[in-house]
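Working notes, beginning with the structure itself.
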Amino acid sequence: MDEKLVDFDKIYWLSQPPEVRALEVNTTPDQDIRMGRGIELAIKGFKIDVPIMLWGWDPYKVMKLRMDYGYTWVPSALQPPVSAAPGLTGPGITPYDPANPPGGSIKVSIDPKDYPPFDPPVTVERPTVAVGPGPVGMNSVGNLFYSVPGETFLDGQKFSDSRGTFLKHVTITPFGRSPYWEKVA
């Protein structure tokens with residue numbers, strides 16, 4: 001498979017909100033489930049690209065084909081369809097206007113710059129030596145411990161002190177990041 005295609009597809013999906021990202025065929029292979037979730041998301045205001053997100057078509061191929069046919073934008077789910085293909089004119093036809101996409105429509109592009117990551121990468125320095133009392137705070141419950149404010153250990157890193165060895169966990173919730181430590185030894 002062409003690497004350009006694979007790279008674009010990854011970039012495309014990473015530019016989507018997590019709710020929409022869940023519609024990717026690899027994540028949700030059942031088309032009926034994708035259709036139901038996609039329509040729910042469209043009703044909530046998310047931009048849903050029907051062929052890619054609901055039907056499971058390849059993002060690069062769909063965008064490339066649209067570009068080849070002269071589209072600069074396409075309607076998202078729940079928007080009215082384009083009434084005439086680019087370049088078609090005639091009596092009673094509303095011509096396609098490539099320069100004036102309606103609000104909520106989907107930009108047609110295969111330029112990775114048009115698909116910035118929805119979750120920008122976080123740059124965190126990995127500490128090599130703990131400073132002061134260390135990143136593990138007071139005991140919370142059982143073998144779980146609070147994370148000291150401002151510590152920069154990443155999910156999966158270990159830290160040892162006189163109390164034992166701890167494994168860092170970071171969970172992502174609708175309310176943000178929740179870091180904590182688990183005593184493993």
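Chain lettering (A, B, ...) mirrors the order of the structure tokens, residue numbering begins at 1 for each chain separately, and ligand numbering begins at 1 in order of display.
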Hey, what's within 7 Å of segment 169-183 of chain A if we count only C-alpha atoms and toss same-chain stuff fewer than 2 positions away? As a PDB file with C-alpha atoms, in the first residue's frame, please?
ATOM      1  CA  VAL A 136       4.605  10.299  44.611  1.00  0.00           C
ATOM      2  CA  ASN A 143      -2.055   0.813  46.759  1.00  0.00           C
ATOM      3  CA  LEU A 144      -2.896   4.095  44.955  1.00  0.00           C
ATOM      4  CA  PHE A 145      -1.117   7.375  45.694  1.00  0.00           C
ATOM      5  CA  TYR A 146      -1.704  10.977  44.715  1.00  0.00           C
ATOM      6  CA  SER A 147       0.584  12.621  42.183  1.00  0.00           C
ATOM      7  CA  ASP A 155       2.164   7.433  31.904  1.00  0.00           C
ATOM      8  CA  GLY A 156       3.961   4.108  32.392  1.00  0.00           C
ATOM      9  CA  GLY A 164       8.704   1.125  47.351  1.00  0.00           C
ATOM     10  CA  THR A 165       8.361   1.188  43.557  1.00  0.00           C
ATOM     11  CA  PHE A 166       5.501   3.061  41.921  1.00  0.00           C
ATOM     12  CA  LEU A 167       4.034   3.014  38.409  1.00  0.00           C
ATOM     13  CA  ALA A 185       6.611  -3.331  44.767  1.00  0.00           C
TER      14      ALA A 185
END
Exercise. From a DSSP calculation on the backbone, collect every residue of chain A in strand (DSSP E) and output the set as an MDAnalysis selection string.
Key: chainID A and resid 73:74 106:107 136:141 144:147 158:161 164:173 176:183
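Taking only C-alpha atoms into account, Lys158 of chain A lies nearest to A:Gly134 out of the set A:Pro81, A:Gly134, A:Pro86, A:Gly38.
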Self-check item: Between atom CA of Pro18 of chain A and atom CA of Phe46 of chain A, distance in Å (one decimal)
Solution: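 So the answer is 11.0 Å.
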Practice problem: In Å, rounded to a single decimal, give me how far atom CA of Lys44 of chain A is from atom CA of Tyr60 of chain A. | Solution: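 About the pair atom CA of Tyr60 of chain A and atom CA of Lys44 of chain A: they are 25.8 Å apart.
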